[in-house]
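Following: one structure in structure tokens, then a few remarks.
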Amino acid sequence: MKKITVYCGSNKGKNPEYAQGAKELAQEMIKRNLSLVYGAGNVGLMGVIADEMLKAGRDVIGIIPQKLVDIEVAHRGCTELIVVETMRDRKWLMAEKGDGFIAMPGGIGTFEELFEIMTLNQLAYISKPLALYNYNGYYDKLIDFLEHSAAEGFLHQAQMDLLIVSSDPGEIFDRMLAFEPKHSEKWEVK
């Protein structure tokens, strides 16, 4: 793994601890000599993690649609700033460039990206590790819901087993390095 795609909020959230969590994740990436691929925002947790990486001299690849550049949320300090036409283009390029994925606390866009990567892995379009950075228990209720979905027979347990969940950046990266893809050939959940 060389490049990690991080999905995160364009807001910092109400609790200042989330910004601290973004910095801790960046510090672990710096320690492991990893580059950041992200949505190129200069706002919210996106800006926090990018700034932390850039301060350490690490590569930061930002991918952003022109519409967001036009409203001045593009981080102009990115090592590489890729401007695309649509959000779909952005998501696909972020999925393509990353060797693994981490969803930090975020909103509806982060949720969409998380579920898209889960789907791409399930359908074997990609075979890359995906982690929920459950900082401050942010994803606890989502994890409960996903477990409920699996128990009710709508989500393969194998998909749940592949999802890395931790509040510890070191553990996240250790588990990402140990990731072994598994795809179910069966469509119906038993």
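By order in the structure tokens, chains are A, B, ...; within a chain, residues start at 1; ligands start at 1, following the order shown.
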Fewer than 5 positions away in the same chain doesn't count, so skip those; otherwise give me all residues within 8 Å of A:Tyr7, counting only C-alpha atoms, as a compact mmCIF listing (two decimals) with N, CA and C atoms, in the first residue's frame.
# COMPACT_ATOMS: atom_id res chain seq x y z
N TYR A 38 -7.77 12.15 -1.55
CA TYR A 38 -9.00 12.61 -0.89
C TYR A 38 -9.75 13.57 -1.80
N GLY A 39 -10.86 14.08 -1.32
CA GLY A 39 -11.75 14.91 -2.12
C GLY A 39 -11.33 16.34 -2.35
N MET A 46 -11.58 17.34 5.96
CA MET A 46 -10.79 17.20 4.73
C MET A 46 -9.57 18.11 4.79
N PHE A 101 -8.92 2.08 1.62
CA PHE A 101 -9.86 3.16 1.91
C PHE A 101 -10.14 3.26 3.40
N ILE A 102 -10.29 4.48 3.86
CA ILE A 102 -10.67 4.73 5.25
C ILE A 102 -11.79 5.77 5.24
N ALA A 103 -12.88 5.44 5.94
CA ALA A 103 -13.96 6.40 6.14
C ALA A 103 -13.82 6.97 7.55
N MET A 104 -13.46 8.25 7.61
CA MET A 104 -13.42 8.97 8.88
C MET A 104 -14.83 9.47 9.18
N GLY A 106 -17.92 11.65 9.02
CA GLY A 106 -18.37 12.53 7.94
C GLY A 106 -19.87 12.41 7.79
N THR A 110 -19.73 11.02 2.78
CA THR A 110 -18.84 9.97 3.30
C THR A 110 -19.57 8.64 3.34
N GLU A 113 -19.78 7.21 -0.15
CA GLU A 113 -18.49 6.68 -0.61
C GLU A 113 -18.19 5.34 0.08
N LEU A 114 -18.46 5.26 1.38
CA LEU A 114 -18.27 4.03 2.13
C LEU A 114 -19.06 2.89 1.51
### Task
Would you list, as a PyMOL selection string, the residues of stretch 4-71 of chain A that end up in helix (DSSP H, G or I) under DSSP run on this structure's backbone?
chain A and resi 17-31+44-55+66-70
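Using only C-alpha atoms, the nearest neighbour of A:Met87 within the list A:Val73, A:Val43, A:Ala22, A:Ile64 is A:Ile64.
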Closest atom pairs, stretch 29-122 of chain A residues within 8 Å of stretch 139-159 of chain A, only C-alpha atoms, as a tab-separated table:
residue	atom	partner	partner_atom	distance
A:Pro105	CA	A:Tyr139	CA	7.5
A:Met118	CA	A:Gln159	CA	7.5
A:Gln122	CA	A:Gln159	CA	6.9
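Note that the spacing between atom CA of A:Asp89 and atom CA of A:Asn11 amounts to 22.1 Å.
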### Query
Looking only at the backbone, which of the residues in stretch 58-178 of chain A does DSSP tag as strand (DSSP E or B), as a PyMOL selection string?
chain A and resi 60-65+74+80-84+100-103+130-133+164-166
Can you pull out the residues contacting A:Arg88? Cut-off 12 Å, using only C-alpha atoms, and skip same-chain residues under 3 positions away; I want them as a PDB file with all heavy atoms, in the first residue's frame.
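As written to disk, result_18.pdb reads:
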ATOM      1  N   GLY A  39     -10.859  14.084  -1.317  1.00  0.00           N
ATOM      2  CA  GLY A  39     -11.747  14.910  -2.123  1.00  0.00           C
ATOM      3  C   GLY A  39     -11.331  16.341  -2.355  1.00  0.00           C
ATOM      4  O   GLY A  39     -12.121  17.136  -2.868  1.00  0.00           O
ATOM      5  N   ILE A  63      -8.894  15.257  -5.496  1.00  0.00           N
ATOM      6  CA  ILE A  63      -9.737  15.067  -6.677  1.00  0.00           C
ATOM      7  C   ILE A  63     -11.062  15.778  -6.409  1.00  0.00           C
ATOM      8  O   ILE A  63     -11.738  15.461  -5.428  1.00  0.00           O
ATOM      9  CB  ILE A  63      -9.955  13.570  -6.972  1.00  0.00           C
ATOM     10  CG1 ILE A  63      -8.592  12.868  -7.131  1.00  0.00           C
ATOM     11  CG2 ILE A  63     -10.810  13.389  -8.223  1.00  0.00           C
ATOM     12  CD1 ILE A  63      -8.652  11.363  -7.127  1.00  0.00           C
ATOM     13  N   ILE A  64     -11.407  16.719  -7.287  1.00  0.00           N
ATOM     14  CA  ILE A  64     -12.557  17.580  -7.013  1.00  0.00           C
ATOM     15  C   ILE A  64     -13.277  17.954  -8.300  1.00  0.00           C
ATOM     16  O   ILE A  64     -12.639  18.203  -9.317  1.00  0.00           O
ATOM     17  CB  ILE A  64     -12.089  18.845  -6.237  1.00  0.00           C
ATOM     18  CG1 ILE A  64     -13.251  19.676  -5.720  1.00  0.00           C
ATOM     19  CG2 ILE A  64     -11.133  19.688  -7.080  1.00  0.00           C
ATOM     20  CD1 ILE A  64     -12.831  20.713  -4.682  1.00  0.00           C
ATOM     21  N   PRO A  65     -14.609  18.011  -8.266  1.00  0.00           N
ATOM     22  CA  PRO A  65     -15.335  18.469  -9.451  1.00  0.00           C
ATOM     23  C   PRO A  65     -15.205  19.983  -9.632  1.00  0.00           C
ATOM     24  O   PRO A  65     -15.068  20.722  -8.654  1.00  0.00           O
ATOM     25  CB  PRO A  65     -16.796  18.092  -9.174  1.00  0.00           C
ATOM     26  CG  PRO A  65     -16.821  17.389  -7.881  1.00  0.00           C
ATOM     27  CD  PRO A  65     -15.492  17.510  -7.231  1.00  0.00           C
ATOM     28  N   VAL A  84     -12.174  17.306 -12.030  1.00  0.00           N
ATOM     29  CA  VAL A  84     -13.000  16.455 -12.880  1.00  0.00           C
ATOM     30  C   VAL A  84     -14.345  17.147 -13.116  1.00  0.00           C
ATOM     31  O   VAL A  84     -14.641  18.169 -12.509  1.00  0.00           O
ATOM     32  CB  VAL A  84     -13.203  15.061 -12.255  1.00  0.00           C
ATOM     33  CG1 VAL A  84     -11.878  14.312 -12.156  1.00  0.00           C
ATOM     34  CG2 VAL A  84     -13.872  15.155 -10.896  1.00  0.00           C
ATOM     35  N   GLU A  85     -15.149  16.539 -13.977  1.00  0.00           N
ATOM     36  CA  GLU A  85     -16.430  17.156 -14.317  1.00  0.00           C
ATOM     37  C   GLU A  85     -17.522  16.881 -13.288  1.00  0.00           C
ATOM     38  O   GLU A  85     -18.251  17.785 -12.894  1.00  0.00           O
ATOM     39  CB  GLU A  85     -16.893  16.662 -15.694  1.00  0.00           C
ATOM     40  CG  GLU A  85     -18.123  17.387 -16.192  1.00  0.00           C
ATOM     41  CD  GLU A  85     -18.494  16.970 -17.611  1.00  0.00           C
ATOM     42  OE1 GLU A  85     -17.592  16.580 -18.375  1.00  0.00           O
ATOM     43  OE2 GLU A  85     -19.683  17.046 -17.925  1.00  0.00           O
ATOM     44  N   LYS A  91     -15.544  10.168  -7.572  1.00  0.00           N
ATOM     45  CA  LYS A  91     -15.587   8.938  -6.778  1.00  0.00           C
ATOM     46  C   LYS A  91     -14.852   7.796  -7.461  1.00  0.00           C
ATOM     47  O   LYS A  91     -14.125   7.045  -6.812  1.00  0.00           O
ATOM     48  CB  LYS A  91     -17.031   8.539  -6.491  1.00  0.00           C
ATOM     49  CG  LYS A  91     -17.717   9.430  -5.472  1.00  0.00           C
ATOM     50  CD  LYS A  91     -19.041   8.862  -5.015  1.00  0.00           C
ATOM     51  CE  LYS A  91     -19.949   8.577  -6.173  1.00  0.00           C
ATOM     52  NZ  LYS A  91     -21.198   7.931  -5.766  1.00  0.00           N
ATOM     53  N   TRP A  92     -15.045   7.659  -8.756  1.00  0.00           N
ATOM     54  CA  TRP A  92     -14.387   6.558  -9.454  1.00  0.00           C
ATOM     55  C   TRP A  92     -12.867   6.740  -9.447  1.00  0.00           C
ATOM     56  O   TRP A  92     -12.120   5.784  -9.213  1.00  0.00           O
ATOM     57  CB  TRP A  92     -14.906   6.404 -10.888  1.00  0.00           C
ATOM     58  CG  TRP A  92     -14.246   5.217 -11.533  1.00  0.00           C
ATOM     59  CD1 TRP A  92     -13.333   5.229 -12.535  1.00  0.00           C
ATOM     60  CD2 TRP A  92     -14.400   3.843 -11.162  1.00  0.00           C
ATOM     61  NE1 TRP A  92     -12.921   3.948 -12.826  1.00  0.00           N
ATOM     62  CE2 TRP A  92     -13.560   3.079 -11.987  1.00  0.00           C
ATOM     63  CE3 TRP A  92     -15.162   3.179 -10.210  1.00  0.00           C
ATOM     64  CZ2 TRP A  92     -13.464   1.687 -11.897  1.00  0.00           C
ATOM     65  CZ3 TRP A  92     -15.055   1.793 -10.114  1.00  0.00           C
ATOM     66  CH2 TRP A  92     -14.212   1.067 -10.953  1.00  0.00           C
ATOM     67  N   LEU A  93     -12.397   7.944  -9.673  1.00  0.00           N
ATOM     68  CA  LEU A  93     -10.957   8.198  -9.684  1.00  0.00           C
ATOM     69  C   LEU A  93     -10.356   7.989  -8.293  1.00  0.00           C
ATOM     70  O   LEU A  93      -9.258   7.439  -8.158  1.00  0.00           O
ATOM     71  CB  LEU A  93     -10.683   9.607 -10.209  1.00  0.00           C
ATOM     72  CG  LEU A  93      -9.279   9.909 -10.687  1.00  0.00           C
ATOM     73  CD1 LEU A  93      -8.767   8.888 -11.697  1.00  0.00           C
ATOM     74  CD2 LEU A  93      -9.224  11.313 -11.295  1.00  0.00           C
ATOM     75  N   MET A  94     -11.082   8.397  -7.264  1.00  0.00           N
ATOM     76  CA  MET A  94     -10.610   8.166  -5.896  1.00  0.00           C
ATOM     77  C   MET A  94     -10.518   6.668  -5.604  1.00  0.00           C
ATOM     78  O   MET A  94      -9.570   6.210  -4.962  1.00  0.00           O
ATOM     79  CB  MET A  94     -11.522   8.861  -4.880  1.00  0.00           C
ATOM     80  CG  MET A  94     -11.394  10.374  -4.895  1.00  0.00           C
ATOM     81  SD  MET A  94     -12.615  11.188  -3.837  1.00  0.00           S
ATOM     82  CE  MET A  94     -11.962  10.823  -2.214  1.00  0.00           C
ATOM     83  N   ALA A  95     -11.489   5.906  -6.099  1.00  0.00           N
ATOM     84  CA  ALA A  95     -11.478   4.451  -5.907  1.00  0.00           C
ATOM     85  C   ALA A  95     -10.332   3.809  -6.683  1.00  0.00           C
ATOM     86  O   ALA A  95      -9.694   2.869  -6.213  1.00  0.00           O
ATOM     87  CB  ALA A  95     -12.815   3.849  -6.336  1.00  0.00           C
ATOM     88  N   GLY A 109     -22.095  12.387   2.172  1.00  0.00           N
ATOM     89  CA  GLY A 109     -21.127  12.079   1.116  1.00  0.00           C
ATOM     90  C   GLY A 109     -20.174  10.976   1.531  1.00  0.00           C
ATOM     91  O   GLY A 109     -19.860  10.075   0.743  1.00  0.00           O
ATOM     92  N   GLU A 112     -22.054   7.694   1.447  1.00  0.00           N
ATOM     93  CA  GLU A 112     -22.207   7.232   0.064  1.00  0.00           C
ATOM     94  C   GLU A 112     -20.922   6.575  -0.429  1.00  0.00           C
ATOM     95  O   GLU A 112     -20.943   5.508  -1.040  1.00  0.00           O
ATOM     96  CB  GLU A 112     -22.587   8.399  -0.841  1.00  0.00           C
ATOM     97  CG  GLU A 112     -22.717   8.001  -2.284  1.00  0.00           C
ATOM     98  CD  GLU A 112     -22.835   9.169  -3.241  1.00  0.00           C
ATOM     99  OE1 GLU A 112     -22.500  10.305  -2.863  1.00  0.00           O
ATOM    100  OE2 GLU A 112     -23.231   8.921  -4.383  1.00  0.00           O
ATOM    101  N   GLU A 113     -19.778   7.213  -0.154  1.00  0.00           N
ATOM    102  CA  GLU A 113     -18.494   6.676  -0.605  1.00  0.00           C
ATOM    103  C   GLU A 113     -18.187   5.344   0.084  1.00  0.00           C
ATOM    104  O   GLU A 113     -17.722   4.396  -0.557  1.00  0.00           O
ATOM    105  CB  GLU A 113     -17.398   7.713  -0.340  1.00  0.00           C
ATOM    106  CG  GLU A 113     -17.567   8.931  -1.222  1.00  0.00           C
ATOM    107  CD  GLU A 113     -16.893  10.195  -0.697  1.00  0.00           C
ATOM    108  OE1 GLU A 113     -16.675  10.324   0.522  1.00  0.00           O
ATOM    109  OE2 GLU A 113     -16.610  11.079  -1.525  1.00  0.00           O
ATOM    110  N   GLU A 116     -20.376   2.697  -1.462  1.00  0.00           N
ATOM    111  CA  GLU A 116     -19.956   2.390  -2.829  1.00  0.00           C
ATOM    112  C   GLU A 116     -18.748   1.454  -2.830  1.00  0.00           C
ATOM    113  O   GLU A 116     -18.704   0.491  -3.606  1.00  0.00           O
ATOM    114  CB  GLU A 116     -19.636   3.657  -3.617  1.00  0.00           C
ATOM    115  CG  GLU A 116     -19.213   3.336  -5.032  1.00  0.00           C
ATOM    116  CD  GLU A 116     -19.318   4.493  -5.986  1.00  0.00           C
ATOM    117  OE1 GLU A 116     -19.810   5.563  -5.617  1.00  0.00           O
ATOM    118  OE2 GLU A 116     -18.881   4.312  -7.136  1.00  0.00           O
TER     119      GLU A 116
END
## Note on the structure
Of A:Ala56, A:Ala178, A:Met160, A:Ala40, the one nearest to A:Thr119 when counting only C-alpha atoms is A:Met160
#### Entry: Using only C-alpha atoms: which of A:Lys182, A:Lys31, A:Arg76, A:Lys14 has the shortest distance to A:Ala124
A:Lys182
### Task
Would you work out the distance separating atom CA of A:Lys23 from atom CA of A:Ile49, expressed in Å to one decimal?
5.9 Å
